[in-house]
$ cat protein.csv   # CSV, C-alpha atoms and all ligand atoms
chain,number,residue,atom,x,y,z
A,1,MET,CA,-8.2,1.8,22.5
A,2,THR,CA,-9.3,-1.7,21.7
A,3,ARG,CA,-12.8,-3.0,21.0
A,4,SER,CA,-15.1,-4.8,23.4
A,5,LEU,CA,-18.4,-5.3,21.6
A,6,THR,CA,-20.9,-7.3,23.5
A,7,HIS,CA,-23.0,-8.1,20.5
A,8,SER,CA,-22.4,-8.7,16.8
A,9,VAL,CA,-22.7,-5.3,15.1
A,10,GLY,CA,-21.9,-4.5,11.5
A,11,ILE,CA,-22.6,-2.5,8.3
A,12,THR,CA,-25.8,-3.4,6.7
A,13,ALA,CA,-25.8,-1.0,3.7
A,14,THR,CA,-23.6,1.6,2.0
A,15,GLY,CA,-24.0,4.7,-0.2
A,16,GLN,CA,-21.9,7.4,-1.8
A,17,PHE,CA,-22.0,10.7,-3.5
A,18,TYR,CA,-19.5,12.8,-5.5
A,19,PRO,CA,-20.0,16.2,-7.2
A,20,GLU,CA,-20.2,16.1,-10.9
A,21,ARG,CA,-17.2,18.4,-11.8
A,22,ILE,CA,-14.2,16.3,-12.8
A,23,VAL,CA,-10.8,18.0,-12.3
A,24,THR,CA,-7.9,16.3,-14.1
A,25,ASN,CA,-4.2,16.5,-13.4
A,26,LYS,CA,-4.0,18.6,-16.6
A,27,ASP,CA,-6.5,21.1,-15.1
A,28,ILE,CA,-4.3,21.3,-11.9
A,29,ALA,CA,-1.2,21.8,-14.1
A,30,ALA,CA,-2.9,24.9,-15.5
A,31,MET,CA,-3.2,26.2,-11.9
A,32,VAL,CA,0.2,25.5,-10.3
A,33,ASP,CA,3.7,24.5,-11.4
A,34,THR,CA,3.2,20.7,-11.7
A,35,THR,CA,2.7,18.1,-14.3
A,36,ASP,CA,0.3,15.1,-14.9
A,37,GLU,CA,3.4,12.9,-14.8
A,38,TRP,CA,4.6,14.2,-11.4
A,39,ILE,CA,1.1,13.8,-9.8
A,40,THR,CA,0.5,10.4,-11.3
A,41,THR,CA,3.9,8.9,-10.3
A,42,ARG,CA,4.2,10.6,-6.9
A,43,THR,CA,0.5,10.0,-5.8
A,44,GLY,CA,-1.3,7.7,-8.1
A,45,ILE,CA,-4.0,10.3,-8.6
A,46,HIS,CA,-5.4,10.9,-12.2
A,47,GLN,CA,-8.5,13.0,-11.4
A,48,ARG,CA,-10.7,14.2,-8.6
A,49,ARG,CA,-14.2,15.7,-8.1
A,50,TRP,CA,-14.6,19.3,-6.8
A,51,VAL,CA,-17.9,20.9,-5.7
A,52,GLU,CA,-19.3,24.1,-7.2
A,53,PRO,CA,-19.2,27.1,-4.8
A,54,GLY,CA,-22.0,27.1,-2.2
A,55,VAL,CA,-22.0,23.3,-1.8
A,56,GLY,CA,-21.3,22.1,1.8
A,57,SER,CA,-20.3,18.7,3.3
A,58,SER,CA,-23.8,18.2,4.5
A,59,ASP,CA,-25.1,18.3,0.9
A,60,LEU,CA,-22.7,15.5,-0.1
A,61,GLY,CA,-23.3,13.6,3.1
A,62,ALA,CA,-27.1,13.8,2.9
A,63,ALA,CA,-27.0,12.4,-0.7
A,64,ALA,CA,-24.7,9.5,0.3
A,65,LEU,CA,-27.0,8.7,3.3
A,66,LYS,CA,-30.1,8.7,1.1
A,67,MET,CA,-28.5,6.1,-1.1
A,68,ALA,CA,-27.4,4.0,1.9
A,69,LEU,CA,-31.0,4.1,3.3
A,70,ALA,CA,-32.4,3.2,-0.1
A,71,ASN,CA,-30.0,0.3,-0.4
A,72,ARG,CA,-31.0,-0.9,3.1
A,73,GLY,CA,-34.7,-0.5,2.1
A,74,VAL,CA,-35.6,1.6,5.2
A,75,GLY,CA,-36.8,5.2,5.7
A,76,ALA,CA,-34.8,7.9,7.3
A,77,ASP,CA,-37.3,8.0,10.2
A,78,THR,CA,-35.9,4.6,11.4
A,79,LEU,CA,-32.5,6.1,12.2
A,80,ASP,CA,-31.7,6.5,15.9
A,81,ALA,CA,-28.6,8.6,15.3
A,82,ILE,CA,-26.3,10.2,12.7
A,83,VAL,CA,-22.6,10.4,13.2
A,84,ALA,CA,-21.2,12.9,10.7
A,85,CYS,CA,-17.5,12.5,10.2
A,86,THR,CA,-15.8,15.5,8.7
A,87,VAL,CA,-13.0,18.0,8.9
A,88,THR,CA,-14.9,20.5,6.8
A,89,PRO,CA,-18.2,21.1,8.5
A,90,ASP,CA,-20.6,23.4,6.7
A,91,MET,CA,-20.1,25.9,9.6
A,92,MET,CA,-18.4,25.8,13.0
A,93,PHE,CA,-21.9,25.1,14.4
A,94,PRO,CA,-24.5,23.8,14.2
A,95,CYS,CA,-23.0,20.4,13.6
A,96,THR,CA,-23.1,18.9,10.1
A,97,ALA,CA,-25.0,15.9,11.5
A,98,ALA,CA,-27.9,18.3,12.3
A,99,LEU,CA,-27.9,19.6,8.8
A,100,ILE,CA,-27.9,16.1,7.4
A,101,GLN,CA,-30.7,15.0,9.7
A,102,ASP,CA,-32.8,17.8,8.3
A,103,LYS,CA,-32.0,17.1,4.7
A,104,VAL,CA,-32.8,13.4,4.9
A,105,GLY,CA,-35.8,13.8,7.2
A,106,ALA,CA,-34.4,11.6,10.0
A,107,SER,CA,-37.2,12.7,12.3
A,108,LYS,CA,-36.3,10.5,15.3
A,109,ALA,CA,-32.5,10.7,15.1
A,110,TYR,CA,-30.1,12.7,17.2
A,111,GLY,CA,-26.6,13.4,15.9
A,112,PHE,CA,-23.2,14.8,16.3
A,113,ASP,CA,-20.0,15.5,14.4
A,114,LEU,CA,-16.7,13.6,14.9
A,115,ASN,CA,-13.4,15.0,13.7
A,116,ALA,CA,-10.3,12.9,13.8
A,117,ALA,CA,-9.1,14.1,10.4
A,118,CYS,CA,-8.6,11.2,7.9
A,119,SER,CA,-9.4,8.7,10.7
A,120,SER,CA,-12.8,10.3,11.3
A,121,PHE,CA,-14.8,7.7,9.5
A,122,LEU,CA,-13.0,4.8,11.2
A,123,PHE,CA,-13.4,6.3,14.7
A,124,GLY,CA,-17.0,7.2,13.9
A,125,LEU,CA,-17.8,3.7,12.8
A,126,SER,CA,-16.3,2.1,15.9
A,127,THR,CA,-18.2,4.7,18.0
A,128,ALA,CA,-21.5,3.9,16.3
A,129,ALA,CA,-20.8,0.2,16.7
A,130,ALA,CA,-20.3,0.6,20.4
A,131,MET,CA,-23.5,2.6,20.7
A,132,VAL,CA,-25.4,-0.2,19.0
A,133,ALA,CA,-23.7,-3.0,20.9
A,134,SER,CA,-24.6,-1.3,24.2
A,135,GLY,CA,-28.3,-1.6,23.3
A,136,ALA,CA,-28.9,2.2,23.7
A,137,VAL,CA,-29.7,2.6,20.0
A,138,GLN,CA,-30.6,0.2,17.1
A,139,ARG,CA,-29.8,1.9,13.8
A,140,VAL,CA,-27.0,4.5,13.3
A,141,ALA,CA,-25.9,6.2,10.2
A,142,VAL,CA,-22.2,7.0,9.9
A,143,VAL,CA,-21.5,9.5,7.2
A,144,GLY,CA,-18.0,10.5,6.0
A,145,CYS,CA,-18.3,13.8,4.1
A,146,ASP,CA,-15.7,16.4,3.2
A,147,VAL,CA,-15.4,19.4,0.9
A,148,MET,CA,-11.6,19.5,1.0
A,149,THR,CA,-11.5,22.3,-1.6
A,150,SER,CA,-12.9,24.6,1.1
A,151,ILE,CA,-9.6,24.4,3.0
A,152,MET,CA,-7.1,23.9,0.1
A,153,ASN,CA,-4.8,26.6,-1.1
A,154,PRO,CA,-5.4,26.6,-4.8
A,155,GLN,CA,-1.9,28.1,-5.2
A,156,ASP,CA,0.0,25.4,-3.1
A,157,ARG,CA,1.2,22.6,-5.4
A,158,ASN,CA,2.1,20.5,-2.3
A,159,THR,CA,-1.5,20.1,-1.3
A,160,VAL,CA,-3.8,21.1,-4.2
A,161,VAL,CA,-2.9,17.9,-6.1
A,162,LEU,CA,-3.9,15.6,-3.3
A,163,PHE,CA,-7.5,16.2,-2.3
A,164,GLY,CA,-11.0,15.8,-3.7
A,165,ASP,CA,-14.6,16.3,-2.4
A,166,GLY,CA,-17.0,13.4,-1.7
A,167,ALA,CA,-19.1,11.5,0.7
A,168,GLY,CA,-19.8,7.9,1.8
A,169,ALA,CA,-22.4,6.6,4.2
A,170,VAL,CA,-23.0,3.3,6.0
A,171,ILE,CA,-25.8,2.0,8.2
A,172,VAL,CA,-24.7,0.3,11.4
A,173,GLU,CA,-26.9,-2.2,13.3
A,174,ARG,CA,-27.0,-5.6,14.9
A,175,VAL,CA,-26.1,-8.5,12.5
A,176,GLU,CA,-26.0,-12.3,12.6
A,177,GLU,CA,-23.9,-13.6,15.5
A,178,GLY,CA,-20.2,-14.0,14.6
A,179,TYR,CA,-20.4,-11.5,11.7
A,180,GLY,CA,-19.8,-7.8,11.5
A,181,ILE,CA,-17.1,-5.8,13.3
A,182,LEU,CA,-14.8,-8.4,15.0
A,183,ASP,CA,-12.1,-6.0,16.3
A,184,PHE,CA,-10.7,-2.5,16.1
A,185,GLU,CA,-7.9,-0.4,17.4
A,186,ASN,CA,-7.9,3.4,17.5
A,187,ARG,CA,-4.9,5.5,18.3
A,188,VAL,CA,-3.9,9.2,18.6
A,189,ASP,CA,-0.6,10.9,19.1
A,190,GLY,CA,-1.0,14.7,19.3
A,191,SER,CA,2.7,15.3,19.0
A,192,GLY,CA,2.2,14.9,15.3
A,193,ALA,CA,-0.1,18.0,15.2
A,194,PRO,CA,2.4,20.5,13.6
A,195,TYR,CA,2.9,18.2,10.6
A,196,LEU,CA,-0.6,18.4,9.2
A,197,CYS,CA,-3.0,21.1,10.4
A,198,MET,CA,-5.1,24.2,9.5
A,199,PRO,CA,-3.5,26.8,11.8
A,200,ALA,CA,-6.2,29.5,11.9
A,201,GLY,CA,-10.0,29.7,12.1
A,202,GLY,CA,-10.3,28.0,15.5
A,203,SER,CA,-10.4,29.3,19.0
A,204,ARG,CA,-6.6,29.7,19.4
A,205,LYS,CA,-6.3,31.8,16.3
A,206,PRO,CA,-9.7,33.0,15.1
A,207,ALA,CA,-10.0,34.0,11.5
A,208,SER,CA,-8.9,37.6,10.8
A,209,ALA,CA,-7.7,39.6,7.8
A,210,GLU,CA,-4.1,38.8,8.9
A,211,THR,CA,-4.7,35.0,9.1
A,212,VAL,CA,-6.4,35.0,5.7
A,213,ALA,CA,-3.6,37.1,4.2
A,214,ALA,CA,-1.1,34.6,5.6
A,215,GLY,CA,-3.1,31.6,4.2
A,216,GLU,CA,-3.5,30.1,7.6
A,217,HIS,CA,-7.0,29.0,6.9
A,218,TYR,CA,-5.6,26.4,4.5
A,219,ILE,CA,-4.1,22.9,5.0
A,220,HIS,CA,-0.5,23.1,6.0
A,221,GLN,CA,1.5,19.9,5.6
A,222,GLN,CA,5.0,18.4,5.9
A,223,GLY,CA,4.3,15.7,3.4
A,224,GLN,CA,7.3,13.4,4.0
A,225,GLU,CA,6.7,13.3,7.8
A,226,VAL,CA,3.1,12.4,7.2
A,227,PHE,CA,4.1,9.8,4.5
A,228,LYS,CA,6.5,7.8,6.6
A,229,ASN,CA,4.2,7.8,9.7
A,230,ALA,CA,1.2,6.7,7.6
A,231,VAL,CA,3.0,3.8,6.0
A,232,ARG,CA,4.3,2.5,9.4
A,233,GLU,CA,1.1,2.9,11.4
A,234,MET,CA,-1.4,1.7,8.8
A,235,ALA,CA,0.7,-1.4,8.2
A,236,GLU,CA,1.3,-2.1,11.9
A,237,VAL,CA,-2.4,-1.7,12.9
A,238,SER,CA,-3.6,-3.8,10.0
A,239,ARG,CA,-1.1,-6.6,10.9
A,240,LEU,CA,-2.4,-6.3,14.5
A,241,MET,CA,-6.0,-6.8,13.4
A,242,LEU,CA,-5.0,-10.0,11.6
A,243,ASP,CA,-2.6,-11.4,14.2
A,244,ARG,CA,-4.9,-10.7,17.2
A,245,ASN,CA,-7.7,-12.6,15.5
A,246,GLY,CA,-5.7,-15.4,14.0
A,247,VAL,CA,-6.5,-14.4,10.4
A,248,ASP,CA,-3.8,-15.3,7.8
A,249,PRO,CA,-3.1,-12.5,5.3
A,250,LYS,CA,-3.8,-14.9,2.5
A,251,ASP,CA,-7.4,-15.3,3.9
A,252,LEU,CA,-8.0,-11.6,3.9
A,253,GLY,CA,-10.7,-10.8,1.3
A,254,LEU,CA,-10.2,-7.1,1.0
A,255,PHE,CA,-7.8,-4.5,2.4
A,256,ILE,CA,-9.3,-1.0,2.4
A,257,PRO,CA,-6.6,1.6,3.3
A,258,HIS,CA,-7.3,5.3,3.6
A,259,GLN,CA,-6.7,6.6,0.1
A,260,ALA,CA,-4.0,9.2,0.9
A,261,ASN,CA,-1.3,8.4,-1.6
A,262,HIS,CA,-1.1,5.3,-3.8
A,263,ARG,CA,2.5,4.8,-2.7
A,264,ILE,CA,1.5,4.8,1.0
A,265,MET,CA,-1.3,2.3,0.3
A,266,GLU,CA,1.0,0.0,-1.7
A,267,ALA,CA,3.7,0.1,0.9
A,268,ALA,CA,1.2,-0.8,3.6
A,269,ALA,CA,-0.2,-3.7,1.5
A,270,LYS,CA,3.3,-5.0,0.8
A,271,ARG,CA,4.0,-5.2,4.5
A,272,LEU,CA,0.9,-7.3,4.8
A,273,GLU,CA,2.1,-9.4,1.8
A,274,LEU,CA,-1.1,-8.8,0.0
A,275,PRO,CA,-1.4,-8.8,-3.8
A,276,ALA,CA,-2.6,-5.5,-5.4
A,277,GLU,CA,-5.9,-6.9,-6.5
A,278,ARG,CA,-7.0,-7.4,-2.9
A,279,MET,CA,-6.5,-3.7,-2.0
A,280,ALA,CA,-9.3,-1.3,-2.7
A,281,ASN,CA,-8.3,1.6,-4.8
A,282,ASN,CA,-10.3,4.7,-5.6
A,283,ILE,CA,-7.6,7.3,-5.2
A,284,THR,CA,-6.9,7.2,-9.0
A,285,GLN,CA,-10.3,8.6,-9.8
A,286,TYR,CA,-11.3,10.6,-6.7
A,287,ALA,CA,-8.0,11.5,-4.8
A,288,ASN,CA,-8.0,11.8,-1.1
A,289,THR,CA,-11.5,12.6,0.1
A,290,THR,CA,-10.5,12.5,3.8
A,291,SER,CA,-13.5,11.1,5.8
A,292,ALA,CA,-15.1,9.7,2.6
A,293,THR,CA,-12.3,7.4,1.4
A,294,LEU,CA,-13.2,4.3,3.4
A,295,PRO,CA,-17.0,4.2,3.0
A,296,THR,CA,-16.7,5.0,-0.8
A,297,ALA,CA,-14.0,2.4,-1.4
A,298,LEU,CA,-16.2,-0.1,0.5
A,299,HIS,CA,-19.3,0.9,-1.4
A,300,GLN,CA,-17.5,0.6,-4.8
A,301,SER,CA,-16.0,-2.8,-3.9
A,302,LEU,CA,-19.5,-4.0,-3.0
A,303,GLU,CA,-21.0,-2.6,-6.2
A,304,ALA,CA,-18.2,-4.4,-8.2
A,305,GLY,CA,-19.1,-7.7,-6.6
A,306,LYS,CA,-15.7,-8.0,-4.8
A,307,VAL,CA,-17.2,-8.8,-1.4
A,308,LYS,CA,-19.3,-11.7,-0.3
A,309,LYS,CA,-20.8,-12.9,3.0
A,310,GLY,CA,-18.1,-14.2,5.3
A,311,ASP,CA,-15.2,-12.3,3.7
A,312,TYR,CA,-12.7,-10.7,6.0
A,313,ILE,CA,-12.2,-7.0,5.4
A,314,VAL,CA,-9.6,-4.8,7.0
A,315,PHE,CA,-10.0,-1.0,7.2
A,316,ALA,CA,-6.9,1.1,8.0
A,317,ALA,CA,-6.7,4.8,8.4
A,318,PHE,CA,-4.2,7.5,9.2
A,319,GLY,CA,-4.6,11.3,9.5
A,320,ALA,CA,-3.8,14.6,11.1
A,321,GLY,CA,-3.3,14.5,14.8
A,322,PHE,CA,-1.8,12.1,14.3
A,323,THR,CA,-4.7,9.7,14.4
A,324,TRP,CA,-4.8,6.2,13.1
A,325,GLY,CA,-6.6,2.9,13.4
A,326,GLY,CA,-7.6,-0.4,12.0
A,327,MET,CA,-10.7,-2.5,12.0
A,328,LEU,CA,-11.4,-6.2,11.1
A,329,MET,CA,-14.8,-7.2,9.8
A,330,LYS,CA,-16.4,-10.4,8.7
A,331,TRP,CA,-18.8,-9.3,6.0
A,332,ALA,CA,-22.4,-9.9,7.2
A,333,TYR,CA,-24.4,-10.0,3.9
B,1,LIG,C1,2.9,15.3,-0.6
B,1,LIG,C2,3.6,14.1,-1.3
B,1,LIG,C3,2.9,13.6,-2.5
B,1,LIG,C4,5.0,14.7,-1.8
B,1,LIG,O1,5.7,13.7,-2.4
B,1,LIG,P1,7.2,13.5,-2.0
B,1,LIG,O2,7.7,12.4,-2.9
B,1,LIG,O3,7.3,13.3,-0.5
B,1,LIG,O4,7.8,14.8,-2.5
B,1,LIG,P2,8.7,15.9,-1.7
B,1,LIG,O5,7.8,16.6,-0.7
B,1,LIG,O6,9.9,15.2,-1.2
B,1,LIG,O7,9.1,16.8,-2.8
B,1,LIG,C5,9.9,16.4,-3.9
B,1,LIG,C6,10.1,17.6,-4.8
B,1,LIG,O8,8.8,17.7,-5.6
B,1,LIG,C7,8.4,19.0,-5.5
B,1,LIG,N1,6.9,19.0,-5.5
B,1,LIG,C8,6.1,19.0,-4.5
B,1,LIG,N2,4.8,19.0,-5.0
B,1,LIG,C9,4.9,19.0,-6.3
B,1,LIG,C10,4.0,19.0,-7.4
B,1,LIG,N3,2.7,19.1,-7.2
B,1,LIG,N4,4.5,19.1,-8.6
B,1,LIG,C11,5.8,19.1,-8.9
B,1,LIG,N5,6.7,19.1,-8.0
B,1,LIG,C12,6.3,19.0,-6.7
B,1,LIG,C13,8.9,19.6,-4.2
B,1,LIG,O9,9.0,21.0,-4.2
B,1,LIG,C14,10.3,18.9,-4.2
B,1,LIG,O10,11.1,19.7,-5.0
B,1,LIG,P3,12.7,19.9,-4.6
B,1,LIG,O11,13.3,18.5,-4.5
B,1,LIG,O12,13.2,20.8,-5.7
B,1,LIG,O13,12.6,20.6,-3.2
B,1,LIG,C15,3.9,13.0,-0.3
B,1,LIG,O14,4.8,13.4,0.7
B,1,LIG,C16,2.7,12.5,0.4
B,1,LIG,O15,1.8,12.0,-0.2
B,1,LIG,N6,2.6,12.7,1.7
B,1,LIG,C17,1.5,12.3,2.5
B,1,LIG,C18,0.4,13.2,2.3
B,1,LIG,C19,-0.9,12.8,2.8
B,1,LIG,O16,-1.2,11.6,2.7
B,1,LIG,N7,-1.6,13.7,3.5
B,1,LIG,C20,-2.9,13.4,4.0
B,1,LIG,C21,-2.7,12.5,5.2
B,1,LIG,S1,-4.0,11.6,5.6

$ encode --input "protein.csv" --output "structure tokens" --more "lines below"
Ligand SMILES: CC(C)(COP(=O)(O)OP(=O)(O)OC[C@H]1O[C@@H](n2cnc3c(N)ncnc32)[C@H](O)[C@@H]1OP(=O)(O)O)[C@@H](O)C(=O)NCCC(=O)NCCS
Amino acid sequence: MTRSLTHSVGITATGQFYPERIVTNKDIAAMVDTTDEWITTRTGIHQRRWVEPGVGSSDLGAAALKMALANRGVGADTLDAIVACTVTPDMMFPCTAALIQDKVGASKAYGFDLNAACSSFLFGLSTAAAMVASGAVQRVAVVGCDVMTSIMNPQDRNTVVLFGDGAGAVIVERVEEGYGILDFENRVDGSGAPYLCMPAGGSRKPASAETVAAGEHYIHQQGQEVFKNAVREMAEVSRLMLDRNGVDPKDLGLFIPHQANHRIMEAAAKRLELPAERMANNITQYANTTSATLPTALHQSLEAGKVKKGDYIVFAAFGAGFTWGGMLMKWAY
């Protein structure tokens, strides 16, 4: 699917939230048969944040959204809608957006959840942009929040090293003409479903004592298959964003890839001929936070003064489904 925005719409503020507890590679090596050296060289991850028991994605998402609203200088009651992007909702229902709405006091907003795995935030952002461009709503919050520890097998060294908990939020509204989201491309190929999934706990295989005993309520992944698809598709869709809009890679201000594995990110950046300093990186400190990687990496780049008005930014994401996509923005503030 390609974009067709009738008005200039963009991000006008960002926020983030991580739980306090830091879990290092050494901590993980005390849990499963792995080493700091293996994790660092194979993934680029040094540490991650994990929630304490009882904390849900809506808690992280609400905190990130409060920061985004404060940065925008507006109250929660000015929001028309909340799109909560997550693969780890607090509960099957009600939706996480409803819980966030209540926690931030967004009294006039409606909301819904969007799940496209690690592409959730990107798909949520393009959806929100289309909602605003249509004129139906004026101000939408897109919140990427995940508690990945809730679906990770603490005994599986293939996955326990990879993920962290966190949340990022952005405010989406009309911006100056010619700025904001210039283009996007969202894709899905469901034949990739077996390679990365949580087999039980849904309608086809409801949770039972047997599914829990078999560990089917955890992430199941064939890492190499995911790896090679992620590199190819993130690179291709990013290149498409540039080519289709006549932007030379050397004029790209910032490349923000989904933070899945540093080797995946580097390979995608290399195919775009981008130097490492123009690629956002927070995987080293926070690991893969699924729906939160893109908004937190953007927020941190803004905080570090790496983005100025008029800069071209490309988002690229890849996740279970398979789902993937890219977005080109011209920074609006
Ligand atoms: C998971 C991933 C890090 C594994 O790295 P890899 O280089 O592909 O490693 P492999 O799966 O080939 O495993 C190589 C060896 O390391 C071992 N290994 C796997 N995890 C390990 C760990 N945590 N510590 C030590 N050894 C480990 C494997 O058992 C295997 O051993 P063997 O050769 O004796 O069989 C990598 O495939 C990856 O990042 N994939 C994408 C994951 C992802 O991004 N998921 C989210 C999608 S959005």

$ closest_residue --input "protein.csv" --among "A:Gly223, A:Gly325, A:Gly305, A:Pro275" --to "ligand LIG 1 (chain B)" --atoms "only C-alpha atoms and all ligand atoms"
A:Gly223

$ residues_near_ligand --input "protein.csv" --ligand "ligand LIG 1 (chain B)" --cutoff "7 Å" --atoms "all atoms listed in the file" --output "list in words"
Asp33, Thr34, Thr35, Trp38, Ile39, Arg42, Thr43, Cys118, Arg157, Asn158, Thr159, Val161, Gly223, Gln224, Val226, Phe227, Ala260, Asn261, Thr290, Phe318, Gly319 and Ala320 of chain A

$ closest_residue --input "protein.csv" --among "A:Ile100, A:Met265, A:Ile28, A:Ala106" --to "Val74 (chain A)" --atoms "all atoms listed in the file"
A:Ala106

$ residues_around --input "protein.csv" --residues "region 197-204 of chain A" --least-positions-apart "3" --cutoff "7 Å" --atoms "all atoms listed in the file" --output "PDB file with C-alpha atoms, keeping the file's coordinate frame"
ATOM      1  CA  ALA A 193      -0.100  18.000  15.200  1.00  0.00           C
ATOM      2  CA  PRO A 194       2.400  20.500  13.600  1.00  0.00           C
ATOM      3  CA  ALA A 207     -10.000  34.000  11.500  1.00  0.00           C
ATOM      4  CA  THR A 211      -4.700  35.000   9.100  1.00  0.00           C
ATOM      5  CA  GLU A 216      -3.500  30.100   7.600  1.00  0.00           C
ATOM      6  CA  HIS A 217      -7.000  29.000   6.900  1.00  0.00           C
ATOM      7  CA  TYR A 218      -5.600  26.400   4.500  1.00  0.00           C
ATOM      8  CA  ILE A 219      -4.100  22.900   5.000  1.00  0.00           C
ATOM      9  CA  HIS A 220      -0.500  23.100   6.000  1.00  0.00           C
ATOM     10  CA  GLN A 221       1.500  19.900   5.600  1.00  0.00           C
ATOM     11  CA  ALA A 320      -3.800  14.600  11.100  1.00  0.00           C
TER      12      ALA A 320
END

$ residues_near_point --input "protein.csv" --point "(-29.0, 1.6, 18.6)" --cutoff "9 Å" --atoms "only C-alpha atoms" --output "JSON list (two decimals) with C-alpha atoms, keeping the file's coordinate frame"
[["chain", "number", "residue", "atom", "x", "y", "z"],
["A", 79, "LEU", "CA", -32.50, 6.10, 12.20],
["A", 80, "ASP", "CA", -31.70, 6.50, 15.90],
["A", 81, "ALA", "CA", -28.60, 8.60, 15.30],
["A", 128, "ALA", "CA", -21.50, 3.90, 16.30],
["A", 129, "ALA", "CA", -20.80, 0.20, 16.70],
["A", 130, "ALA", "CA", -20.30, 0.60, 20.40],
["A", 131, "MET", "CA", -23.50, 2.60, 20.70],
["A", 132, "VAL", "CA", -25.40, -0.20, 19.00],
["A", 133, "ALA", "CA", -23.70, -3.00, 20.90],
["A", 134, "SER", "CA", -24.60, -1.30, 24.20],
["A", 135, "GLY", "CA", -28.30, -1.60, 23.30],
["A", 136, "ALA", "CA", -28.90, 2.20, 23.70],
["A", 137, "VAL", "CA", -29.70, 2.60, 20.00],
["A", 138, "GLN", "CA", -30.60, 0.20, 17.10],
["A", 139, "ARG", "CA", -29.80, 1.90, 13.80],
["A", 140, "VAL", "CA", -27.00, 4.50, 13.30],
["A", 172, "VAL", "CA", -24.70, 0.30, 11.40],
["A", 173, "GLU", "CA", -26.90, -2.20, 13.30],
["A", 174, "ARG", "CA", -27.00, -5.60, 14.90]]

$ residues_around --input "protein.csv" --residues "Ser107 (chain A)" --least-positions-apart "4" --cutoff "12 Å" --atoms "only C-alpha atoms" --output "list in words"
Gly75, Ala76, Asp77, Thr78, Leu79, Asp80, Ala81, Ile82, Ala98, Ile100, Gln101, Asp102, Lys103 and Gly111 of chain A

$ closest_atom_pairs --input "protein.csv" --of "region 140-234 of chain A" --to "region 53-72 of chain A" --cutoff "7 Å" --atoms "all atoms listed in the file" --output "CSV"
residue,atom,partner,partner_atom,distance
A:Val143,CA,A:Gly61,CA,6.1
A:Gly144,CA,A:Gly61,CA,6.8
A:Cys145,CA,A:Gly61,CA,5.1
A:Asp146,CA,A:Ser57,CA,5.1
A:Val147,CA,A:Ser57,CA,5.5
A:Gly166,CA,A:Leu60,CA,6.3
A:Ala167,CA,A:Gly61,CA,5.3
A:Gly168,CA,A:Ala64,CA,5.4
A:Ala169,CA,A:Leu65,CA,5.1
A:Val170,CA,A:Ala68,CA,6.1
A:Ile171,CA,A:Ala68,CA,6.8

$ atom_distance --input "protein.csv" --atom1 "CA of Thr284 (chain A)" --atom2 "CA of Gln47 (chain A)"
6.5 Å

$ closest_residue --input "protein.csv" --among "A:Val188, A:Ile264, A:Leu114, A:Leu274" --to "Phe322 (chain A)" --atoms "only C-alpha atoms"
A:Val188

$ atom_distance --input "protein.csv" --atom1 "CA of Ala267 (chain A)" --atom2 "CA of Ala317 (chain A)"
13.7 Å

$ closest_residue --input "protein.csv" --among "A:His258, A:Arg271, A:Arg244, A:Arg48" --to "Phe121 (chain A)" --atoms "only C-alpha atoms"
A:His258

$ atom_distance --input "protein.csv" --atom1 "CA of Lys330 (chain A)" --atom2 "CA of Ile181 (chain A)"
6.5 Å

$ residues_around --input "protein.csv" --residues "Trp50 (chain A)" --least-positions-apart "3" --cutoff "6 Å" --atoms "only C-alpha atoms" --output "PDB file with C-alpha atoms, in the frame of the given file"
ATOM      1  CA  ARG A  21     -17.200  18.400 -11.800  1.00  0.00           C
ATOM      2  CA  GLY A 164     -11.000  15.800  -3.700  1.00  0.00           C
ATOM      3  CA  ASP A 165     -14.600  16.300  -2.400  1.00  0.00           C
TER       4      ASP A 165
END

$ axis_aligned_box --input "protein.csv" --around "region 258-268 of chain A" --padding-each-side "6 Å" --output "JSON"
{"center_x": -1.8, "center_y": 4.2, "center_z": -0.1, "size_x": 23.0, "size_y": 22.0, "size_z": 19.4}

$ residues_around --input "protein.csv" --residues "Thr96 (chain A)" --least-positions-apart "5" --cutoff "7 Å" --atoms "all atoms listed in the file" --output "tab-separated table (two decimals) with C-alpha atoms, keeping the file's coordinate frame"
chain	number	residue	atom	x	y	z
A	58	SER	CA	-23.80	18.20	4.50
A	84	ALA	CA	-21.20	12.90	10.70
A	89	PRO	CA	-18.20	21.10	8.50
A	90	ASP	CA	-20.60	23.40	6.70
A	113	ASP	CA	-20.00	15.50	14.40

$ residues_around --input "protein.csv" --residues "Glu266 (chain A)" --least-positions-apart "6" --cutoff "9 Å" --atoms "all atoms listed in the file" --output "PyMOL selection string"
chain A and resi 231+276+279

$ closest_residue --input "protein.csv" --among "A:Asn153, A:Asp183, A:Thr24, A:Phe17" --to "Ala213 (chain A)" --atoms "all atoms listed in the file"
A:Asn153
